[in-house]
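Since the structure comes first, as structure tokens, the remarks are kept for the end.
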Amino acid sequence: MTISVPLREQIAALIRVGLQDAQTSGALPAFDLPEIISVDQSRHEAHGDYASPVCMGLSRVLHRAPLQIAQAVAQSIPAADFIAQVEVAPPGYLNFTLANAWVARQTPIILAAGESWGNVALGSGQRVQVEFVSANPTGPITIGSARNAVIGDTLAAVLEAAGYTVEREYYVNDGGSKVRNFGASILARYAHLFGVDVPFPEQGYPATYVTELAQRAQAEFGARYLTQDRDAAIHALGVWGIARILDGVRDDLAQLRVHFDTWFSEKSLYESGLFDAMLAKLRDGGYILEYGGATWFHHPDLEKDAVLIRSPQVVPTPEDRPTYLASDIAYLWNKVVLRGFDKAIYVWGADHHGDVPRVQAAAKALGVDVNRLVFILYQMVTLLRGGQEVRMSKSSGEFVTLRELVDEIGPDPIRFMLLTRTVDVTIDFDLDLAVEQSDRNPVYYVQYAHTRIAGVLRKAVEAGYALDVPGDPTLLTHPSELALVRKMLALPEIITLAATAMAPHSLTVYATELAALFHAFYRDCRIVSTAPEEVALTQARLMLARAAQHVLARVLHLMGMDAPERM
RNA sequence: GUCCCCGUGGCGCAAUGGACAGCGCGUCUGGCUUCGAACCAGAGGGUUGUGAGUUCGAGUCUCACCGGGGACUCCA
């Protein structure tokens with residue numbers, strides 16, 4: 001298991017020493033070191049590999065020209081084996097160039113790290129829960145929930161790579177009126193199969209999958225539920241139906257390669273008494289008001305009070321009265337206090353953004369540090385078919401399920417497509433285009449690089465090369481070879497970035513760039529040669545190709561995608 | 001009316017407050033009898049919606065405006 005310190009952090013540490021030494025030597029007057037020393041990857045080759053603008057910011061404090069400061073600091077930066085040179089560039093940049101020989105020497109190290117290459121110690125073992133999807137179990141998974149699934153699952157993988165202990169959780173909304181409405185919907189369809197007329201509930205689910213469930217119920221239970229007490233039948237069919245839907249949800253998500261450690265039942269919050277305990281705690285703190293027959297959460301941060309328990313005049317059945325917010329508060333207590341997660345990450349659709357301040361206020365009221373809750377709000381996915389928007393909701397008719405899509409184009413293009421954009425932009429998912437363009441999806445560009453390497457390795461074996469022979473990294477001197485290794489060396493930074501900014505999409509950008517650099521290497525450097533004088537070079541390049549293959553596979557796997565040997 | 005997100009080449013999107021704003025698709029040109037052409041090389045295409053401000057430095061931060069999407073129920 002390899003854990004790396006990102007190069008930018010190593011360079012920042014060098015600069016820190018330089019800043020310190022420049023003061024003690026008197027080259028610079030005394031000043032407080034900046035808390036963070038920013039180091040960027042250079043965008044232009046002429047600027048080296050990494051650049052720091054830190055001296056520009058110090059100019060004001062020191063009353064000196066940034067260029068002068070940079071020169072003083074550059075003099076004081078200690079030598080390091082991985083740095084070939086430190087240059088000062090106007091108006092005051094410090095530019096660092098990695099030593100080519102050192103870069104080449106990292107190739108066997110990356111190869112040996114295998115799929116642990118890129119891991120960093122950011123999380124230092126903190127326990128994090130990522131709660132995602134959590135779609136109502138009253139219908140199959142849609143493409144909108146698929147975005148949630150892909151973001152949550154990839155983020156969880158990134159956090160694991162960053163050194164957190166991660167649990168993936170699905171919150172099952174199995175409490176309240178949904179069960180009854182769902183059960184009543186099934187019962188109405190079920191009775192119809194026997195020619196009996198039972199009214200379809202007003203808030204029911206008219207979609208065809210309910211009719212299919214009714215047919216299954218008929219096959220499984222016969223006419224049993226027609227003779228039972230109506231309420232008992234509704235409840236039994238509701239519980240049974242939700243369990244069946246959940247089976248389907250689990251299958252659908254598994255098709256997308258998404259798996260959960262825990263399926264947490266909302267109902268259990270009430271059965272365990274946690275809900276009442278939470279309510280009592282809020283009441284003690286003075287956060288509960290009663291008026292109009294309802295129970296309200298009152299907090300100075302909120303403009304309006306929020307209902308926790310609806311009034312009997314509005315909702316007749318007691319078990320239907322607690323609101324979603326009420327459950328969410330009890331659930332939050334369960335997460336961070338009872339189960340003690342250091343961080344609870346919520347992956348929510350942007351339509352829930354209004355709920356964030358309420359849950360945060362509740363956390364404060366319960367004495368929980370708000371920073372332990374992280375909300376990732378992703379924008380919606382609109383589904384287009386023939387240029388027309390397809391409106392989907394579980395309580396309406398029309399429906400495009402994730403399953404249909406996965407069956408048609410497979411999980412990899414879907415995951416990549418939903419992952420390439422930042423969570424902040426809406427996605428128009430054009431069904432016709434998705435199917436038609438699946439050949440051209442950038443996912444295949446990345447997978448092709450992996451496959452191409454596999455092909456070359458097969459060729460090398462045919463030519464009599466053994467792949468496990470260590471290559472001589474000093475033979476890797478071509479710019480395209482070194483550029484490829486440099487990109488691999490950046491993975492720890494990408495994982496750090498993705499984990500701190502909660503930005504899983506940056507993996508797709510990196511994967512594409514890495515693939516492009518492999519293709520460039522492949523173009524410029526013939527890998528397999530049987531000429532006797534090129535055996536050693538071939539072995540070095542095979543080592544590089546294998547390292548690149550591992551890193552590509554690592555990134556694809558972080559994104560939940562396949563790294564194929566052939567395609 | 002209040003709140004959230006977006007506005008970047010024809011289209012779809014990247015870019016941690018840093019230097020000359022990148023990539024894919026599409027368009028044009030060129031490259032396979034030697035490791036996989038699902039690839040590569042080159043060309044064309046930009047006042048980053050508009051206007052102010054903060055900063056040594058703004059696509060990025062602040063304010064106003066314009067345009068698009070979403071949320072503001074004792075819904076789930």
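A note on labels: chains of the structure tokens are A, B, ... as shown, every chain counts residues from 1, and ligands are counted from 1 in their shown order.
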Counting only C-alpha atoms (C1' of nucleotides), which residues in chain A sit no more than 8 Å from chain B? For each one, give the nearest pair of atoms and the distance in Å, sorted by chain then residue number, as CSV.
```
residue,atom,partner,partner_atom,distance
A:Asp40,CA,B:U16,C1',7.7
A:Pro53,CA,B:G18,C1',6.5
A:Met56,CA,B:C56,C1',6.8
A:Gly57,CA,B:C56,C1',7.7
A:Lys178,CA,B:A76,C1',7.9
A:Ala294,CA,B:C74,C1',7.2
A:Val307,CA,B:C74,C1',6.5
A:Ile309,CA,B:C74,C1',7.9
A:Arg310,CA,B:C74,C1',5.0
A:Ser311,CA,B:C74,C1',6.5
A:Val314,CA,B:C74,C1',6.6
A:Ala350,CA,B:G70,C1',7.0
A:Asp351,CA,B:A71,C1',5.6
A:His352,CA,B:A71,C1',7.2
A:His353,CA,B:C4,C1',6.6
A:Gly354,CA,B:A71,C1',6.3
A:Gln379,CA,B:C5,C1',6.9
A:Arg421,CA,B:C13,C1',7.0
A:Asp424,CA,B:C5,C1',6.0
A:Val425,CA,B:C6,C1',6.2
A:Thr426,CA,B:C6,C1',7.8
A:Asp439,CA,B:A38,C1',7.4
A:Arg440,CA,B:A38,C1',7.6
A:Pro442,CA,B:G24,C1',7.4
A:Tyr444,CA,B:A38,C1',6.4
A:Tyr445,CA,B:A38,C1',6.7
A:Tyr448,CA,B:A38,C1',6.4
A:Thr451,CA,B:G36,C1',7.9
A:Arg452,CA,B:G36,C1',5.5
A:Gly455,CA,B:G36,C1',6.2
A:Val456,CA,B:C35,C1',5.2
A:Lys459,CA,B:C35,C1',6.4
A:Ala460,CA,B:C35,C1',7.7
A:Leu497,CA,B:U16,C1',7.7
A:Val509,CA,B:A14,C1',7.4
A:His519,CA,B:C39,C1',7.2
A:Ala520,CA,B:C40,C1',7.5
A:Arg523,CA,B:C40,C1',6.9
A:Arg526,CA,B:C35,C1',6.9
A:Ile527,CA,B:C35,C1',6.4
A:Val528,CA,B:C35,C1',5.7
```
Can you pull out every residue within 10 Å of Phe521 of chain A, counting only C-alpha atoms (C1' of nucleotides), but drop anything in the same chain fewer than 5 positions away, and send it as a list of chain:residue names?
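Counting only C-alpha atoms (C1' of nucleotides), the residues come to A:His478, A:Pro479, A:Ser480, A:Glu481, A:Leu482, A:Ala483, A:Leu484, A:Ala515, A:Ala516, A:Arg526, A:Ile527, A:Arg541, A:Leu544, A:Ala545.
For Asp430 of chain A, the residues within 9 Å (counting only C-alpha atoms (C1' of nucleotides), excluding itself and residues fewer than 2 positions away along the chain) are Thr382, Leu383, Leu384, Arg385, Gly386, Gly387, Gln388, Glu389, Asp428, Asp432, Leu433, Ala434 and Val435 of chain A.
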Give me the residues near Asp342 of chain A as an MDAnalysis selection string, where near means some atom within 12 Å (using only C-alpha atoms (C1' of nucleotides)) and where sequence neighbours in that chain fewer than 3 positions away do not count.
chainID A and resid 123:130 164:167 335:339 345 368:374
Find the spatial neighbours of segment 210-212 of chain A, counting only C-alpha atoms (C1' of nucleotides), within a cut-off of 10 Å - ignore same-chain residues fewer than 4 positions away - and output them as a list in words.
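Within the cut-off, the hits are Thr138, Gly139, Phe182, Gly183, Ser185, Ile186, Leu187, Ala188, Arg189, Tyr190, His192, Leu193, Gly204, Tyr205, Pro206, Arg216, Ala217, Gln218, Gly241 and Ile245 of chain A.
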Any chance you can output those residues with N, CA, C and O atoms as a PDB file, in the first residue's frame?
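As written to disk, out_29.pdb reads:
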```
ATOM      1  N   THR A 138     -40.818   3.757  -3.971  1.00  0.00           N
ATOM      2  CA  THR A 138     -42.141   3.551  -4.539  1.00  0.00           C
ATOM      3  C   THR A 138     -42.081   3.471  -6.049  1.00  0.00           C
ATOM      4  O   THR A 138     -43.090   3.612  -6.730  1.00  0.00           O
ATOM      5  N   GLY A 139     -40.864   3.270  -6.570  1.00  0.00           N
ATOM      6  CA  GLY A 139     -40.737   3.138  -8.011  1.00  0.00           C
ATOM      7  C   GLY A 139     -39.292   2.886  -8.372  1.00  0.00           C
ATOM      8  O   GLY A 139     -38.401   3.044  -7.535  1.00  0.00           O
ATOM      9  N   PHE A 182     -49.082   3.555  -1.465  1.00  0.00           N
ATOM     10  CA  PHE A 182     -48.530   2.572  -2.375  1.00  0.00           C
ATOM     11  C   PHE A 182     -49.316   1.266  -2.272  1.00  0.00           C
ATOM     12  O   PHE A 182     -49.720   0.679  -3.286  1.00  0.00           O
ATOM     13  N   GLY A 183     -49.586   0.862  -1.013  1.00  0.00           N
ATOM     14  CA  GLY A 183     -50.362  -0.357  -0.785  1.00  0.00           C
ATOM     15  C   GLY A 183     -51.751  -0.249  -1.377  1.00  0.00           C
ATOM     16  O   GLY A 183     -52.244  -1.193  -2.013  1.00  0.00           O
ATOM     17  N   SER A 185     -52.654   1.594  -3.850  1.00  0.00           N
ATOM     18  CA  SER A 185     -52.550   1.568  -5.310  1.00  0.00           C
ATOM     19  C   SER A 185     -52.449   0.130  -5.805  1.00  0.00           C
ATOM     20  O   SER A 185     -53.099  -0.257  -6.779  1.00  0.00           O
ATOM     21  N   ILE A 186     -51.625  -0.646  -5.116  1.00  0.00           N
ATOM     22  CA  ILE A 186     -51.475  -2.046  -5.521  1.00  0.00           C
ATOM     23  C   ILE A 186     -52.799  -2.787  -5.334  1.00  0.00           C
ATOM     24  O   ILE A 186     -53.235  -3.545  -6.213  1.00  0.00           O
ATOM     25  N   LEU A 187     -53.451  -2.524  -4.199  1.00  0.00           N
ATOM     26  CA  LEU A 187     -54.705  -3.228  -3.913  1.00  0.00           C
ATOM     27  C   LEU A 187     -55.761  -2.953  -4.984  1.00  0.00           C
ATOM     28  O   LEU A 187     -56.465  -3.863  -5.427  1.00  0.00           O
ATOM     29  N   ALA A 188     -55.833  -1.671  -5.418  1.00  0.00           N
ATOM     30  CA  ALA A 188     -56.834  -1.312  -6.428  1.00  0.00           C
ATOM     31  C   ALA A 188     -56.593  -2.087  -7.715  1.00  0.00           C
ATOM     32  O   ALA A 188     -57.520  -2.650  -8.311  1.00  0.00           O
ATOM     33  N   ARG A 189     -55.330  -2.146  -8.145  1.00  0.00           N
ATOM     34  CA  ARG A 189     -54.996  -2.878  -9.381  1.00  0.00           C
ATOM     35  C   ARG A 189     -55.208  -4.385  -9.201  1.00  0.00           C
ATOM     36  O   ARG A 189     -55.636  -5.083 -10.119  1.00  0.00           O
ATOM     37  N   TYR A 190     -54.851  -4.838  -8.032  1.00  0.00           N
ATOM     38  CA  TYR A 190     -54.963  -6.257  -7.685  1.00  0.00           C
ATOM     39  C   TYR A 190     -56.434  -6.691  -7.710  1.00  0.00           C
ATOM     40  O   TYR A 190     -56.797  -7.691  -8.344  1.00  0.00           O
ATOM     41  N   HIS A 192     -58.806  -5.299  -9.248  1.00  0.00           N
ATOM     42  CA  HIS A 192     -59.291  -5.205 -10.613  1.00  0.00           C
ATOM     43  C   HIS A 192     -59.054  -6.507 -11.382  1.00  0.00           C
ATOM     44  O   HIS A 192     -59.866  -6.905 -12.212  1.00  0.00           O
ATOM     45  N   LEU A 193     -57.933  -7.176 -11.070  1.00  0.00           N
ATOM     46  CA  LEU A 193     -57.605  -8.439 -11.735  1.00  0.00           C
ATOM     47  C   LEU A 193     -58.638  -9.516 -11.424  1.00  0.00           C
ATOM     48  O   LEU A 193     -58.812 -10.472 -12.170  1.00  0.00           O
ATOM     49  N   GLY A 204     -52.302   8.198  -5.294  1.00  0.00           N
ATOM     50  CA  GLY A 204     -51.721   6.907  -5.638  1.00  0.00           C
ATOM     51  C   GLY A 204     -50.671   6.971  -6.737  1.00  0.00           C
ATOM     52  O   GLY A 204     -50.305   8.039  -7.203  1.00  0.00           O
ATOM     53  N   TYR A 205     -50.200   5.799  -7.101  1.00  0.00           N
ATOM     54  CA  TYR A 205     -49.144   5.674  -8.106  1.00  0.00           C
ATOM     55  C   TYR A 205     -49.698   4.955  -9.321  1.00  0.00           C
ATOM     56  O   TYR A 205     -49.848   3.735  -9.316  1.00  0.00           O
ATOM     57  N   PRO A 206     -50.023   5.708 -10.389  1.00  0.00           N
ATOM     58  CA  PRO A 206     -50.714   5.102 -11.517  1.00  0.00           C
ATOM     59  C   PRO A 206     -49.805   4.379 -12.515  1.00  0.00           C
ATOM     60  O   PRO A 206     -50.285   3.830 -13.490  1.00  0.00           O
ATOM     61  N   ARG A 216     -48.027  -9.827  -9.786  1.00  0.00           N
ATOM     62  CA  ARG A 216     -47.179 -10.695  -8.965  1.00  0.00           C
ATOM     63  C   ARG A 216     -47.884 -11.083  -7.674  1.00  0.00           C
ATOM     64  O   ARG A 216     -47.795 -12.226  -7.219  1.00  0.00           O
ATOM     65  N   ALA A 217     -48.593 -10.111  -7.086  1.00  0.00           N
ATOM     66  CA  ALA A 217     -49.316 -10.374  -5.839  1.00  0.00           C
ATOM     67  C   ALA A 217     -50.396 -11.421  -6.080  1.00  0.00           C
ATOM     68  O   ALA A 217     -50.600 -12.331  -5.266  1.00  0.00           O
ATOM     69  N   GLN A 218     -51.039 -11.303  -7.230  1.00  0.00           N
ATOM     70  CA  GLN A 218     -52.086 -12.278  -7.568  1.00  0.00           C
ATOM     71  C   GLN A 218     -51.489 -13.685  -7.656  1.00  0.00           C
ATOM     72  O   GLN A 218     -52.019 -14.641  -7.105  1.00  0.00           O
ATOM     73  N   GLY A 241     -44.917  -4.512  -1.269  1.00  0.00           N
ATOM     74  CA  GLY A 241     -44.592  -3.824  -2.519  1.00  0.00           C
ATOM     75  C   GLY A 241     -43.305  -3.031  -2.413  1.00  0.00           C
ATOM     76  O   GLY A 241     -42.456  -3.051  -3.313  1.00  0.00           O
ATOM     77  N   ILE A 245     -39.938  -3.358  -4.582  1.00  0.00           N
ATOM     78  CA  ILE A 245     -39.320  -2.218  -5.272  1.00  0.00           C
ATOM     79  C   ILE A 245     -37.863  -2.075  -4.849  1.00  0.00           C
ATOM     80  O   ILE A 245     -36.973  -1.844  -5.679  1.00  0.00           O
TER      81      ILE A 245
END
```
